[in-house]
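> This is the structure I want to talk about, given as structure tokens.
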Amino acid sequence: MTVSEQTAQRVRQLREEILHHDYQYYVLDTPEIPDSEYDRLFRELQTLEAQHPELLTPESPTQRVGGMPVSVLAPVRHRMPMLSIETETDITPNGAWAFDARTRKKLGLDASDPPIEYAAELKFDGLAISLRYENGLLVQAATRGDGEVGEDVTQNIRTIRQIPLRLKGSTPEVLEVRGEVYMSRPDFERYNARQRELGKATLVNPRNGAAGSIRQLDSRLAAQRPLSFFVYGLGETKGWNVPATHGKLLDALKEFGFPVCAERTVGLGADSLIAFHQAVSAKRDSLPYDIDGVVYKVNSLDLQRELGFRTREPHWAVAHKFPAQEEMTVVENIEVQVGRTGAITPVARLKPVFVGGVTVTNATLHNQDEIDRKDVRIGDTVIVRRAGDVIPEVVSVILNRRPESSRPYSLLEAIHHVCPVCGSHAVRLPEEAAVRCTGELVCPAQRKQAILHFASRRAMDIEGLGEKLVDQLVDGNIVHTLADLYRLDVPRLSALERMAEKSAQNIVKALEKSKRPTLARFVYALGIRNVGEATAKDLARYFGALGNIAAADAAALQEVPDVGPVVAESIAQFFSESHNREIIAQLRDPEIGGIEIQEGQGSRSASAGRLSGQIFVLTGTLPTLKREEAKEMIEAAGGKVSGSVSSKTDYVVAGEEAGSKLAKAQELGVAVIDETALLQLLE
Ligand code: IVH
């Protein structure tokens with residue numbers, strides 16, 4: 001074998017392998033080799049083809065990346081017309097009866113004749129394509145066009161990894177298949193997210209995405225769109241023994257390496273069609289691609305020929321559609337809703353429209369950024385999407401129907417910068433999409449969430465104050481503010497539905513027990529936006545007392561290690577609201593909440609935290625303090641608690657059964673103290 005023969009053979013071998021792995025990966029979804037290995041094979045082939053351009057062929061997998069742009073898509077006359085399907089007008093399951101009845105009549109069958117065998121499959125919502133293979137190689141791909149003449153889109157179709165460039169197994173002289181190019185929902189979402197990140201145009205829906213990509217003049221652009229394919233029928237064939245039924249035909253096409261949708265059945269009579277229709281309706285929303293219905297086909301190809309077609313539509317198939325998931329309607333108004341976390345979300349009030357099987361009157365607009373991106377305005381005609389139980393959504397605006405008087409919508413302006421529920425200031429913090437109500441503790445919309453957070457284990461740790469009880473307390477108008485919690489007593493609580501006297505007593509006890517929080521816990525419990533446990537501890541350590549934190553402006557707050565501008569802004573904003581200050585005062589009022597926050601000096605003040613900068617290690621069981629309590633007390637005094645002993649450790653606090661840490665301390669000569677000594681240090 002000469003060198004060039006060897007190279008040619010290697011090129012052929014690489015193509016075989018890559019096409020095989022494409023099929024495993026893109027069609028079967030069961031890759032056999034890691035991506036890195038695939039990339040290596042691919043690069044080797046690219047290199048050889050670059051060195052030997054005479055070996056390059058159109059069915060090489062390297063040609064999937066797209067080629068030179070064309071100026072027009074050339075017309076292609078279909079050797080067999082690409083038919084369309086009649087749509088069953090009755091969209092209830094009864095539509096299947098009507099189709100069956102018509103078909104039986106056309107075949108001259110009466111009630112005593114056996115049922116007709118049907119194939120049922122999905123009606124994919126994409127773009128119809130005809131693929132022509134000669135001697136196993138993909139030679140041409142065309143759109144449907146008017147059914148007689150379509151457009152040559154071979155270059156673009158080659159970029160779709162699910163479409164075989166070469167058939168597997170025996171190869172008929174001519175095999176034309178028809179199917180649907182589509183974009184899956186996850187691919188669509190990913191593609192749009194990426195486009196948004198890049199500030200580029202997004203696709204309106206997967207269907208447009210698929211159709212637009214295939215009709216691109218520049219196949220390199222088409223190559224960047226993630227498209228998929230399902231085969232569902234046949235065109236011209238030569239030198240192939242066509243199977244006897246539609247079901248067997250699809251099986252055979254699968255063997256050639258085409259993706260065939262697994263959601264299909266063959267059954268007898270209208271009953272089987274109705275069962276399929278119902279099963280698919282139920283799972284429509286969980287399919288990873290859009291469908292607009294199901295298709296019923298007479299299974300026997302002989303019977304299909306007997307039934308024939310009129311102009312464009314065969315008599316042997318019908319499309320049974322589902323309710324559309326996208327419809328057009330008008331935005332009559334934009335209103336706002338205040339969510340549990342204080343996010344104020346815009347909602348479009350729509351002219352009622354039947355979409356996704358229900359009448360829709362509202363659609364979420366998410367936030368100001370989304371409104372800006374879609375430029376949705378009051379009075380606009382829009383496309384609304386409702387899929388499954390998902391909240392209906394405005395997909396896009398139909399600009400040429402926009403009333404002249406319309407103006408861009410600003411959420412903050414529309415609500416005059418105040419929360420429509422409680423009247424607190426509404427703000428949009430830098431770097432946040434949401435407009436928020438600042439009335440954290442007073443806004444009824446946020447109250448439940450705020451109370452649950454306040455009571456949670458790492459905050460005030462009020463045992464028994466769970467979601468159900470909070471719902472009862474807020475909905476029953478018993479608790480309006482956090483301070484009201486401490487007004488609860490046993491008679492009040494046991495009057496609630498399903499509340500035993502014993503549980504009521506336990507809750508009152510838990511409330512009582514929560515009254516001496518560390519400053520860090522209390523600050524965390526307030527539920528200030530962007531203030532988690534760590535920040536609350538930092539604030540407590542630095543400022544020592546709640547009054548100091550409340551009095552600090554954003555600049556002073558940023559002096560705290562690890563507090564940046566966004567966090568500082570939320571804290572300052574929180575304490576600037578008089579509602580919030582009032583509730584804190586009530587919580588601390590001996591007549592109402594009676595909370596005594598354990599405050600200290602704070603590392604900021606001149607005398608600094610007593611233990612400022614000192615490093616402690618806790619080991620063993622202390623006689624009275626839990627380890628977490630000791631830690632909080634040390635931290636409140638400006639000290640740090642570390643998990644391991646080193647030469648940097650200032651004190652090891654040892655209790656009962658102290659182990660290796662104690663030994664290490666002795667070895668390094670670190671001071672070892674007990675709980676009593678720790679409490680003295682803290683005093
Ligand atoms: S069969 C028998 N089967 O629906 C006539 N079409 O014609 C040939 N479509 O744009 C079409 N899913 O692309 C057939 N399972 C399916 C289909 C299907 C979607 C499309 C087809 C055409 C339209 C109506």
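Identifiers in this document derive from the order of the structure tokens: chains are assigned A, B, ..., residues are numbered from 1 separately in each chain, and ligands are numbered from 1 in order of occurrence.
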Listing only residues of region 145-190 of chain A within 7 Å of region 75-90 of chain A, what is the closest atom pair and its distance in Å (to one decimal) for each, using only C-alpha atoms, sorted by chain and residue number ascending, as CSV?


residue,atom,partner,partner_atom,distance
A:Gly147,CA,A:Met82,CA,4.6
A:Glu148,CA,A:Pro81,CA,5.2
A:Val149,CA,A:Arg77,CA,4.3
A:Gly150,CA,A:Val76,CA,5.1
A:Glu151,CA,A:Pro75,CA,4.6
A:Asp152,CA,A:Val76,CA,5.8

> Suppose we keep all heavy atoms; can you now write the selection as a PDB file, in the first residue's frame?


ATOM      1  N   GLY A 147     -44.841  21.995  -1.721  1.00  0.00           N
ATOM      2  CA  GLY A 147     -45.134  20.569  -1.831  1.00  0.00           C
ATOM      3  C   GLY A 147     -44.582  19.984  -3.120  1.00  0.00           C
ATOM      4  O   GLY A 147     -44.260  18.803  -3.184  1.00  0.00           O
ATOM      5  N   GLU A 148     -44.469  20.841  -4.163  1.00  0.00           N
ATOM      6  CA  GLU A 148     -43.923  20.403  -5.461  1.00  0.00           C
ATOM      7  C   GLU A 148     -42.465  20.813  -5.570  1.00  0.00           C
ATOM      8  O   GLU A 148     -41.616  20.029  -5.978  1.00  0.00           O
ATOM      9  CB  GLU A 148     -44.696  21.074  -6.625  1.00  0.00           C
ATOM     10  CG  GLU A 148     -46.187  20.812  -6.634  1.00  0.00           C
ATOM     11  CD  GLU A 148     -46.511  19.382  -7.023  1.00  0.00           C
ATOM     12  OE1 GLU A 148     -45.710  18.790  -7.781  1.00  0.00           O
ATOM     13  OE2 GLU A 148     -47.530  18.853  -6.547  1.00  0.00           O
ATOM     14  N   VAL A 149     -42.212  22.066  -5.240  1.00  0.00           N
ATOM     15  CA  VAL A 149     -40.858  22.606  -5.320  1.00  0.00           C
ATOM     16  C   VAL A 149     -40.474  23.198  -3.963  1.00  0.00           C
ATOM     17  O   VAL A 149     -41.206  24.019  -3.416  1.00  0.00           O
ATOM     18  CB  VAL A 149     -40.770  23.713  -6.407  1.00  0.00           C
ATOM     19  CG1 VAL A 149     -39.367  24.319  -6.444  1.00  0.00           C
ATOM     20  CG2 VAL A 149     -41.132  23.149  -7.769  1.00  0.00           C
ATOM     21  N   GLY A 150     -39.359  22.728  -3.441  1.00  0.00           N
ATOM     22  CA  GLY A 150     -38.864  23.265  -2.175  1.00  0.00           C
ATOM     23  C   GLY A 150     -37.524  23.946  -2.373  1.00  0.00           C
ATOM     24  O   GLY A 150     -37.134  24.246  -3.504  1.00  0.00           O
ATOM     25  N   GLU A 151     -36.822  24.191  -1.277  1.00  0.00           N
ATOM     26  CA  GLU A 151     -35.526  24.856  -1.368  1.00  0.00           C
ATOM     27  C   GLU A 151     -34.413  23.908  -0.935  1.00  0.00           C
ATOM     28  O   GLU A 151     -34.577  23.122  -0.002  1.00  0.00           O
ATOM     29  CB  GLU A 151     -35.511  26.075  -0.442  1.00  0.00           C
ATOM     30  CG  GLU A 151     -36.395  27.195  -0.923  1.00  0.00           C
ATOM     31  CD  GLU A 151     -36.597  28.249   0.157  1.00  0.00           C
ATOM     32  OE1 GLU A 151     -36.822  27.884   1.320  1.00  0.00           O
ATOM     33  OE2 GLU A 151     -36.528  29.435  -0.183  1.00  0.00           O
ATOM     34  N   ASP A 152     -33.277  24.036  -1.596  1.00  0.00           N
ATOM     35  CA  ASP A 152     -32.121  23.194  -1.266  1.00  0.00           C
ATOM     36  C   ASP A 152     -31.452  23.730   0.008  1.00  0.00           C
ATOM     37  O   ASP A 152     -30.924  24.837   0.031  1.00  0.00           O
ATOM     38  CB  ASP A 152     -31.125  23.232  -2.437  1.00  0.00           C
ATOM     39  CG  ASP A 152     -29.984  22.239  -2.224  1.00  0.00           C
ATOM     40  OD1 ASP A 152     -29.656  21.947  -1.053  1.00  0.00           O
ATOM     41  OD2 ASP A 152     -29.424  21.763  -3.227  1.00  0.00           O
TER      42      ASP A 152
END

> For ligand 1, collect every residue having any atom at a distance of at most 7 Å from a ligand atom (counting only C-alpha atoms and all ligand atoms); output as a list in words.

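Here is the list of contacting residues: Met82, Leu83, Ser84, Ile85, Glu121, Leu122, Lys123, Phe124, Asp125, Gly126, Leu127, Ala128, Gly179, Glu180, Tyr232, Gly233, Val295, Glu313, Pro314 and Ala317 of chain A.
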
> Write out as a ChimeraX atom specification which residues come within 9 Å of region 254-270 of chain A when counting only C-alpha atoms, dropping same-chain ones fewer than 4 positions away.

/A:23,26-28,94,96-101,114-122,162-164,166-171,228-232,246-247,249-250,274-276,280,299

> Could you list, as a list of chain:residue names, every residue within 9 Å of Ile583 (chain A), counting only C-alpha atoms and ignoring same-chain residues fewer than 4 positions away?

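Near neighbours after the sequence-gap exclusion: A:Leu441, A:Val442, A:Thr481, A:Leu482, A:Ala483, A:Ser578, A:His579, A:Leu587, A:Arg588.
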
> Hey, can you spit out that residue selection with N, CA, C and O atoms as a PDB file, in the first residue's frame?


ATOM      1  N   LEU A 441     -40.868  43.913  57.815  1.00  0.00           N
ATOM      2  CA  LEU A 441     -41.560  43.413  58.999  1.00  0.00           C
ATOM      3  C   LEU A 441     -43.021  43.826  59.079  1.00  0.00           C
ATOM      4  O   LEU A 441     -43.771  43.286  59.870  1.00  0.00           O
ATOM      5  N   VAL A 442     -43.424  44.800  58.286  1.00  0.00           N
ATOM      6  CA  VAL A 442     -44.806  45.259  58.415  1.00  0.00           C
ATOM      7  C   VAL A 442     -45.677  44.840  57.241  1.00  0.00           C
ATOM      8  O   VAL A 442     -46.893  44.801  57.357  1.00  0.00           O
ATOM      9  N   THR A 481     -47.118  41.792  63.599  1.00  0.00           N
ATOM     10  CA  THR A 481     -45.690  42.097  63.578  1.00  0.00           C
ATOM     11  C   THR A 481     -44.957  41.061  64.412  1.00  0.00           C
ATOM     12  O   THR A 481     -45.583  40.312  65.175  1.00  0.00           O
ATOM     13  N   LEU A 482     -43.628  41.055  64.298  1.00  0.00           N
ATOM     14  CA  LEU A 482     -42.837  40.112  65.083  1.00  0.00           C
ATOM     15  C   LEU A 482     -43.098  40.304  66.571  1.00  0.00           C
ATOM     16  O   LEU A 482     -43.153  39.338  67.331  1.00  0.00           O
ATOM     17  N   ALA A 483     -43.308  41.558  66.990  1.00  0.00           N
ATOM     18  CA  ALA A 483     -43.507  41.819  68.415  1.00  0.00           C
ATOM     19  C   ALA A 483     -44.784  41.144  68.917  1.00  0.00           C
ATOM     20  O   ALA A 483     -44.849  40.705  70.068  1.00  0.00           O
ATOM     21  N   SER A 578     -38.876  53.629  59.300  1.00  0.00           N
ATOM     22  CA  SER A 578     -39.338  53.816  60.675  1.00  0.00           C
ATOM     23  C   SER A 578     -40.163  52.626  61.155  1.00  0.00           C
ATOM     24  O   SER A 578     -40.145  52.280  62.326  1.00  0.00           O
ATOM     25  N   HIS A 579     -40.863  51.949  60.213  1.00  0.00           N
ATOM     26  CA  HIS A 579     -41.623  50.746  60.594  1.00  0.00           C
ATOM     27  C   HIS A 579     -40.728  49.728  61.274  1.00  0.00           C
ATOM     28  O   HIS A 579     -41.087  49.132  62.274  1.00  0.00           O
ATOM     29  N   LEU A 587     -40.091  44.882  70.257  1.00  0.00           N
ATOM     30  CA  LEU A 587     -39.504  43.599  70.655  1.00  0.00           C
ATOM     31  C   LEU A 587     -38.683  43.752  71.933  1.00  0.00           C
ATOM     32  O   LEU A 587     -38.652  42.877  72.779  1.00  0.00           O
ATOM     33  N   ARG A 588     -38.049  44.902  72.099  1.00  0.00           N
ATOM     34  CA  ARG A 588     -37.174  45.101  73.260  1.00  0.00           C
ATOM     35  C   ARG A 588     -37.920  45.710  74.445  1.00  0.00           C
ATOM     36  O   ARG A 588     -37.388  45.748  75.560  1.00  0.00           O
TER      37      ARG A 588
END

> Please report as CSV every residue of region 308-411 of chain A lying within 9 Å of region 421-426 of chain A, along with the nearest atom pair and their distance in Å (one decimal), using only C-alpha atoms.


residue,atom,partner,partner_atom,distance
A:Gln337,CA,A:Val421,CA,8.6
A:Val338,CA,A:Val421,CA,7.1
A:Ile344,CA,A:Ala426,CA,8.2

> One number please: CA of Leu227 (chain A) to CA of Glu327 (chain A), in Å, one decimal.

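Between CA of Leu227 (chain A) and CA of Glu327 (chain A) the gap is 24.2 Å.
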
> Looking at A:Gln155, A:Thr103, A:Thr341, A:Gln9, which one is nearest to Tyr296 (chain A), with distances taken over only C-alpha atoms?

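Under the stated criterion, the closest residue is A:Thr103.
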
> Can you list, as JSON, numbers by chain, every protein, DNA or RNA residue that comes within 8 Å of region 355-372 of chain A when you count only C-alpha atoms, leaving out same-chain residues fewer than 6 positions away?

{"A": [323, 324, 325, 326, 327, 345, 346, 347, 348, 349, 384, 385, 386, 387, 388, 391, 392, 393, 394, 408, 409, 410, 411, 433, 434, 435]}

> Step one, run DSSP on the backbone; step two, keep only residues of region 388-631 of chain A assigned to alpha helix (DSSP H); then write them as a ChimeraX atom specification.

/A:411-414,444-455,467-475,482-485,490-494,501-513,519-525,533-543,546-551,554-557,565-576,578-588,627-631

> Only C-alpha atoms, please: the residues just picked out, written as a tab-separated table (two decimals), in the first residue's frame.


chain	number	residue	atom	x	y	z
A	411	LEU	CA	-42.74	49.44	37.34
A	412	LEU	CA	-41.34	51.85	39.92
A	413	GLU	CA	-43.05	54.80	38.29
A	414	ALA	CA	-46.32	52.94	38.03
A	444	PRO	CA	-48.55	41.56	55.31
A	445	ALA	CA	-47.35	39.96	52.10
A	446	GLN	CA	-44.01	39.33	53.69
A	447	ARG	CA	-45.08	38.77	57.24
A	448	LYS	CA	-45.37	35.00	57.17
A	449	GLN	CA	-41.97	34.56	55.63
A	450	ALA	CA	-40.45	37.05	58.04
A	451	ILE	CA	-41.96	35.31	61.07
A	452	LEU	CA	-40.81	31.87	59.94
A	453	HIS	CA	-37.31	33.17	59.46
A	454	PHE	CA	-37.34	34.98	62.82
A	455	ALA	CA	-38.39	31.77	64.59
A	467	GLU	CA	-45.54	27.07	58.80
A	468	LYS	CA	-49.04	25.89	59.73
A	469	LEU	CA	-49.15	27.88	62.95
A	470	VAL	CA	-47.77	30.99	61.24
A	471	ASP	CA	-50.46	30.70	58.56
A	472	GLN	CA	-53.12	30.49	61.27
A	473	LEU	CA	-51.68	33.42	63.19
A	474	VAL	CA	-51.31	35.73	60.21
A	475	ASP	CA	-54.48	34.76	58.38
A	482	LEU	CA	-42.84	40.11	65.08
A	483	ALA	CA	-43.51	41.82	68.41
A	484	ASP	CA	-47.03	40.38	68.43
A	485	LEU	CA	-45.49	36.93	68.79
A	490	VAL	CA	-51.83	30.01	76.30
A	491	PRO	CA	-55.55	30.91	76.13
A	492	ARG	CA	-55.05	32.70	72.78
A	493	LEU	CA	-53.09	29.84	71.29
A	494	SER	CA	-55.27	27.03	72.54
A	501	GLU	CA	-53.37	23.12	75.54
A	502	LYS	CA	-50.07	21.31	75.96
A	503	SER	CA	-48.73	22.50	72.61
A	504	ALA	CA	-49.84	26.03	73.40
A	505	GLN	CA	-47.89	25.88	76.64
A	506	ASN	CA	-44.83	24.60	74.82
A	507	ILE	CA	-44.93	27.46	72.36
A	508	VAL	CA	-45.24	30.06	75.08
A	509	LYS	CA	-42.28	28.40	76.83
A	510	ALA	CA	-40.25	28.44	73.60
A	511	LEU	CA	-41.01	32.14	73.14
A	512	GLU	CA	-39.92	32.83	76.70
A	513	LYS	CA	-36.70	30.89	76.14
A	519	LEU	CA	-26.71	40.22	69.03
A	520	ALA	CA	-25.67	38.14	66.01
A	521	ARG	CA	-28.71	35.90	66.24
A	522	PHE	CA	-31.03	38.84	66.69
A	523	VAL	CA	-29.61	40.69	63.70
A	524	TYR	CA	-29.83	37.56	61.59
A	525	ALA	CA	-33.42	36.96	62.79
A	533	GLU	CA	-25.56	34.36	59.57
A	534	ALA	CA	-21.96	35.17	58.76
A	535	THR	CA	-22.68	38.83	58.06
A	536	ALA	CA	-24.80	39.09	61.19
A	537	LYS	CA	-21.86	37.78	63.21
A	538	ASP	CA	-19.45	40.21	61.54
A	539	LEU	CA	-21.79	43.09	62.29
A	540	ALA	CA	-22.24	42.02	65.91
A	541	ARG	CA	-18.52	41.62	66.44
A	542	TYR	CA	-17.73	44.97	64.89
A	543	PHE	CA	-20.50	47.12	66.32
A	546	LEU	CA	-27.76	47.00	67.88
A	547	GLY	CA	-27.99	50.77	68.28
A	548	ASN	CA	-24.58	51.13	66.68
A	549	ILE	CA	-25.58	49.08	63.66
A	550	ALA	CA	-28.85	50.97	63.26
A	551	ALA	CA	-27.05	54.28	63.45
A	554	ALA	CA	-23.72	52.71	54.28
A	555	ALA	CA	-20.14	54.01	54.36
A	556	ALA	CA	-19.68	53.12	58.03
A	557	LEU	CA	-21.18	49.69	57.40
A	565	PRO	CA	-21.73	48.09	49.02
A	566	VAL	CA	-24.76	45.93	48.24
A	567	VAL	CA	-24.99	44.47	51.73
A	568	ALA	CA	-24.29	47.83	53.35
A	569	GLU	CA	-27.06	49.40	51.29
A	570	SER	CA	-29.64	46.79	52.37
A	571	ILE	CA	-28.75	47.20	56.02
A	572	ALA	CA	-28.90	50.98	55.91
A	573	GLN	CA	-32.16	50.80	54.00
A	574	PHE	CA	-33.67	48.44	56.57
A	575	PHE	CA	-32.89	50.64	59.55
A	576	SER	CA	-33.93	53.80	57.76
A	578	SER	CA	-39.34	53.82	60.67
A	579	HIS	CA	-41.62	50.75	60.59
A	580	ASN	CA	-38.69	48.50	61.19
A	581	ARG	CA	-37.26	50.62	63.99
A	582	GLU	CA	-40.66	50.66	65.66
A	583	ILE	CA	-40.92	46.88	65.65
A	584	ILE	CA	-37.45	46.48	67.08
A	585	ALA	CA	-38.39	48.89	69.86
A	586	GLN	CA	-41.49	46.82	70.62
A	587	LEU	CA	-39.50	43.60	70.65
A	588	ARG	CA	-37.17	45.10	73.26
A	627	ARG	CA	-20.07	24.56	72.64
A	628	GLU	CA	-22.14	26.74	70.30
A	629	GLU	CA	-22.97	29.13	73.19
A	630	ALA	CA	-19.37	29.44	74.23
A	631	LYS	CA	-18.46	30.14	70.62

> Tell me, as a list in words, which residues lie within 8 Å of Glu332 (chain A), counting only C-alpha atoms; anything in the same chain fewer than 2 positions away does not count.

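Here the answer would be Val330, Ile334, Ala348, Arg349, Leu350, Lys351, Ile378, Gly379 and Asp380 of chain A.
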
> Would you mind listing what lies within 8 Å of Ala211 (chain A) as a count of residues only, with only C-alpha atoms counted and same-chain residues fewer than 2 positions away left out?

10
